[in-house]
2 protein chains.
Amino acid sequence: MDDHVLVRLKVEKNVVSRSCSSCVLRSLCLPGKISHSMLDKIDKLIQVRKHLKAGDALYYVGSPFHGLYAVKSGLMKIESYHEDGKVQVNGFYMKGEIYGFDGIDTHRHLCSSIAIEDSELCLIPFDTIEHKGEDYEPLKHHIYALMSREIGHYHSHMMLLGSAHGEERLASFLLDFSYRMRERGSSANNLILRMTREDIGNYLGMKVETVSRIFTRFQEMGLLEVHNKYIDILDNLKLKELIDHPH
Amino acid sequence: MDDHVLVRLKVEKNVVSRSCSSCVLRSLCLPGKISHSMLDKIDKLIQVRKHLKAGDALYYVGSPFHGLYAVKSGLMKIESYHEDGKVQVNGFYMKGEIYGFDGIDTHRHLCSSIAIEDSELCLIPFDTIEHKGEDYEPLKHHIYALMSREIGHYHSHMMLLGSAHGEERLASFLLDFSYRMRERGSSANNLILRMTREDIGNYLGMKVETVSRIFTRFQEMGLLEVHNKYIDILDNLKLKELIDHPH
DNA sequence: CGGCATCTTGAGTTGGGTCAATGGTCGTGG
DNA sequence: CCACGACCATTGACCCAACTCAAGATGCCG
């Protein structure tokens, strides 16, 4: 059976969680309104799916740019490398999120994208969309909006990296992650952080040891229950307080 | 006399440095090719110009989004604020650069934009461009490319903020500034940093005192000659070396 | 010329980095 | 199913780069 038809049927029945376009749906519908006919069009655009094992790279620094990627399942990261070996994780992307905008300008990716756990991705061919006519305008607008939002996130993150203390950084990370889990209908207070402590450190601009120490401190303060990758948030309010009024 | 005609004439004569669209020209031509007829179209789009005195705000956090801004002359900064008073300068924009993408998603700006010196700006009405037909496709593509490049810059900057030492940060800033001055035909080794040391610090995630101390250190090392805002770069290579092989 | 913002410098403190050792966890293959 | 090895996480002791606080110096504008 034609997979696209299958997808469309599922969309119409509002049972989208397993369809290929579900990931696109989530990202594109939330920020604004996308019509059903546009969703059908998006389904047709998605011809390439990738299944990655944990640790696999989707693309590397310098890889040719084919389009944006929507995460259908799993967890991805993007990271940049300094020639002295330092790594900066620029972001984590979970189900329903779209990324890969860094390749549009030069047609090569400027950072690498790596699977944190087994993941499934949909390629959204960017050039194809650009060459489509006016009836794809809503989709084109959504891509602007997504990029704009990405820029906004980077602004917040630069604020964090530029002047926040360790506790504030980790608290922000946990609450952001919690928020995104809630958005997806998962428990917001029982997190599973599948990335390593090193990934978290590279995202937050801290060393592994510091990340670990702050987890321990948060646990001692009664804010968290930490069992390796399993984190229970016990005191949301105090975490928020740590961010708003640090030190 | 109609200013748009004036502008177009100047473009055709290749004497663009004083025309309103010159700023747009620079940014839009460099990354790719924009036809002359497209440039004419862009000229027509620019209806609003703003003249700001040093210290004036172009927009604030929460201001309604009207479009992107091209810097015609002067120097602008964008910055975000944390409620405890911390400031993060997200970028400096000089003649020919376009910014303001953070407002596309929510139709409100997420950061403030402030003039560092007396500056002149052209408003590029974003919604108008989006509603134009296919003959504006090259322009639309260039906006994607500009946003993509902005995202790439933020990646580099997050790397800097996340793990670079003070000397590396300042060296990067100086070389970036130098590069952009060269692009504009100004001297690359005799810089005038019109922003305050505090602005530089807020951009680089350091305190004023640290910025000042590193300037002094660079001078002692024979890399710079520092006279307040006037900076002479004496040893480009060693600055680059500091970035590539820090500590 | 006076006043105010900016810049520099010094002395002391500290948060996070470094280095090193140990303890846990997970996946693989016998 | 268990044992091994590799990777990951935690903890401790020590150190240093950048922060804080404070005092002058410099430069700019009215």
# chains A, B, ... in the order shown; residues from 1 in each chain; ligands from 1
$ select_by_dssp --residues "segment 7-149 of chain B" --states "strand (DSSP E)" --output "PDB file with C-alpha atoms, in the first residue's frame"
ATOM      1  CA  VAL B  48      10.935  53.544   5.748  1.00  0.00           C
ATOM      2  CA  ARG B  49      14.279  54.849   6.900  1.00  0.00           C
ATOM      3  CA  LYS B  50      15.239  55.570  10.468  1.00  0.00           C
ATOM      4  CA  HIS B  51      17.884  57.931  11.729  1.00  0.00           C
ATOM      5  CA  LEU B  52      19.040  57.088  15.215  1.00  0.00           C
ATOM      6  CA  ALA B  57      16.627  52.142  20.515  1.00  0.00           C
ATOM      7  CA  LEU B  58      15.348  50.892  17.177  1.00  0.00           C
ATOM      8  CA  TYR B  59      13.099  48.441  18.964  1.00  0.00           C
ATOM      9  CA  GLY B  67      10.404  43.676   9.142  1.00  0.00           C
ATOM     10  CA  LEU B  68      14.131  43.254   8.889  1.00  0.00           C
ATOM     11  CA  TYR B  69      16.554  46.138   9.146  1.00  0.00           C
ATOM     12  CA  ALA B  70      19.493  46.849   6.922  1.00  0.00           C
ATOM     13  CA  VAL B  71      22.193  49.059   8.379  1.00  0.00           C
ATOM     14  CA  LYS B  72      22.896  51.888   5.985  1.00  0.00           C
ATOM     15  CA  SER B  73      25.462  53.551   8.199  1.00  0.00           C
ATOM     16  CA  LEU B  75      26.747  50.534  14.222  1.00  0.00           C
ATOM     17  CA  MET B  76      23.915  48.710  15.942  1.00  0.00           C
ATOM     18  CA  LYS B  77      23.715  46.061  18.634  1.00  0.00           C
ATOM     19  CA  ILE B  78      21.018  43.631  19.687  1.00  0.00           C
ATOM     20  CA  GLU B  79      20.833  42.468  23.268  1.00  0.00           C
ATOM     21  CA  SER B  80      18.706  40.371  25.608  1.00  0.00           C
ATOM     22  CA  TYR B  81      18.089  40.957  29.288  1.00  0.00           C
ATOM     23  CA  VAL B  87      22.748  41.663  29.661  1.00  0.00           C
ATOM     24  CA  GLN B  88      23.767  39.514  26.718  1.00  0.00           C
ATOM     25  CA  VAL B  89      24.765  41.325  23.550  1.00  0.00           C
ATOM     26  CA  ASN B  90      23.795  38.921  20.781  1.00  0.00           C
ATOM     27  CA  GLY B  91      25.484  40.754  17.972  1.00  0.00           C
ATOM     28  CA  PHE B  92      26.839  43.929  16.467  1.00  0.00           C
ATOM     29  CA  TYR B  93      25.682  44.956  13.015  1.00  0.00           C
ATOM     30  CA  MET B  94      27.548  47.307  10.741  1.00  0.00           C
ATOM     31  CA  ILE B  98      20.710  42.794   7.903  1.00  0.00           C
ATOM     32  CA  TYR B  99      19.161  41.677  11.165  1.00  0.00           C
ATOM     33  CA  SER B 112      16.278  45.073  21.906  1.00  0.00           C
ATOM     34  CA  SER B 113      18.205  46.858  19.207  1.00  0.00           C
ATOM     35  CA  ILE B 114      20.189  49.936  20.148  1.00  0.00           C
ATOM     36  CA  ALA B 115      22.371  52.328  18.191  1.00  0.00           C
ATOM     37  CA  SER B 119      23.060  55.243  12.559  1.00  0.00           C
ATOM     38  CA  GLU B 120      20.758  55.047   9.611  1.00  0.00           C
ATOM     39  CA  LEU B 121      18.563  52.044   8.911  1.00  0.00           C
ATOM     40  CA  CYS B 122      16.302  50.804   6.161  1.00  0.00           C
ATOM     41  CA  LEU B 123      13.226  48.789   7.006  1.00  0.00           C
ATOM     42  CA  ILE B 124      12.749  45.783   4.748  1.00  0.00           C
ATOM     43  CA  PRO B 125       9.068  44.948   5.206  1.00  0.00           C
TER      44      PRO B 125
END
$ select_by_dssp --residues "segment 35-246 of chain B" --states "alpha helix (DSSP H)" --output "PyMOL selection string"
chain B and resi 36-45+126-131+137-163+166-183+197-204+208-220+236-244
$ interface_residues --of "chain A" --to "chain C" --cutoff "10 Å" --atoms "only C-alpha atoms (C1' of nucleotides)" --output "ChimeraX atom specification"
/A:165-166,206-207,209-210,228
$ atom_distance --atom1 "atom CA of Ile116 of chain B" --atom2 "atom CA of Gly55 of chain B"
5.8 Å
$ closest_atom_pairs --of "chain A" --to "chain B" --cutoff "9 Å" --atoms "only C-alpha atoms" --output "tab-separated table"
residue	atom	partner	partner_atom	distance
A:Pro31	CA	B:Asp105	CA	7.9
A:Glu79	CA	B:His155	CA	8.5
A:Ser80	CA	B:His155	CA	7.3
A:Tyr81	CA	B:Met159	CA	8.1
A:His82	CA	B:Met159	CA	7.8
A:Glu83	CA	B:Asp244	CA	6.6
A:Asp84	CA	B:His245	CA	6.3
A:Lys86	CA	B:Ser163	CA	7.3
A:Val87	CA	B:Met159	CA	7.4
A:Gln88	CA	B:Met159	CA	5.2
A:Val89	CA	B:Met159	CA	8.3
A:Asn90	CA	B:His155	CA	6.4
A:Phe101	CA	B:Ser148	CA	5.7
A:Asp102	CA	B:Ser148	CA	5.0
A:Gly103	CA	B:Ser148	CA	6.9
A:Ile104	CA	B:Ser148	CA	5.8
A:Asp105	CA	B:Ala145	CA	4.3
A:Thr106	CA	B:Ala145	CA	8.0
A:Leu110	CA	B:Gly152	CA	6.9
A:Cys111	CA	B:His155	CA	8.4
A:Glu130	CA	B:His141	CA	7.5
A:His131	CA	B:Glu137	CA	8.4
A:Gly133	CA	B:Glu134	CA	6.9
A:Glu134	CA	B:Gly133	CA	6.9
A:Glu137	CA	B:Glu130	CA	7.9
A:Lys140	CA	B:Glu130	CA	8.8
A:His141	CA	B:Glu130	CA	7.5
A:His142	CA	B:Asp105	CA	8.4
A:Ile143	CA	B:Tyr144	CA	8.7
A:Tyr144	CA	B:Ile104	CA	7.1
A:Ala145	CA	B:Asp105	CA	4.3
A:Leu146	CA	B:Asp105	CA	7.0
A:Met147	CA	B:Met147	CA	7.0
A:Ser148	CA	B:Asp102	CA	5.0
A:Arg149	CA	B:Asp105	CA	6.0
A:Glu150	CA	B:Ile151	CA	7.8
A:Ile151	CA	B:Asp102	CA	6.1
A:Gly152	CA	B:Asp102	CA	5.6
A:Tyr154	CA	B:Tyr154	CA	6.6
A:His155	CA	B:Asn90	CA	6.4
A:Ser156	CA	B:Ser80	CA	7.8
A:His157	CA	B:Met158	CA	7.8
A:Met158	CA	B:Met158	CA	6.1
A:Met159	CA	B:Gln88	CA	5.2
A:Leu160	CA	B:Gln88	CA	8.8
A:Leu161	CA	B:Leu161	CA	5.6
A:Gly162	CA	B:Gly205	CA	4.0
A:Ser163	CA	B:Gly205	CA	5.9
A:Ala164	CA	B:Lys86	CA	8.9
A:Asn202	CA	B:Gly162	CA	7.6
A:Tyr203	CA	B:Gly162	CA	7.8
A:Leu204	CA	B:Gly162	CA	6.8
A:Gly205	CA	B:Gly162	CA	4.0
A:Met206	CA	B:Gly162	CA	7.3
A:Asp244	CA	B:Glu83	CA	6.6
A:His245	CA	B:Asp84	CA	6.3
A:Pro246	CA	B:Asp84	CA	7.9
$ interface_residues --of "chain A" --to "chain D" --cutoff "9 Å" --atoms "only C-alpha atoms (C1' of nucleotides)" --output "count of residues only"
8
$ atom_distance --atom1 "atom CA of Val211 of chain A" --atom2 "atom CA of Leu170 of chain A"
7.5 Å
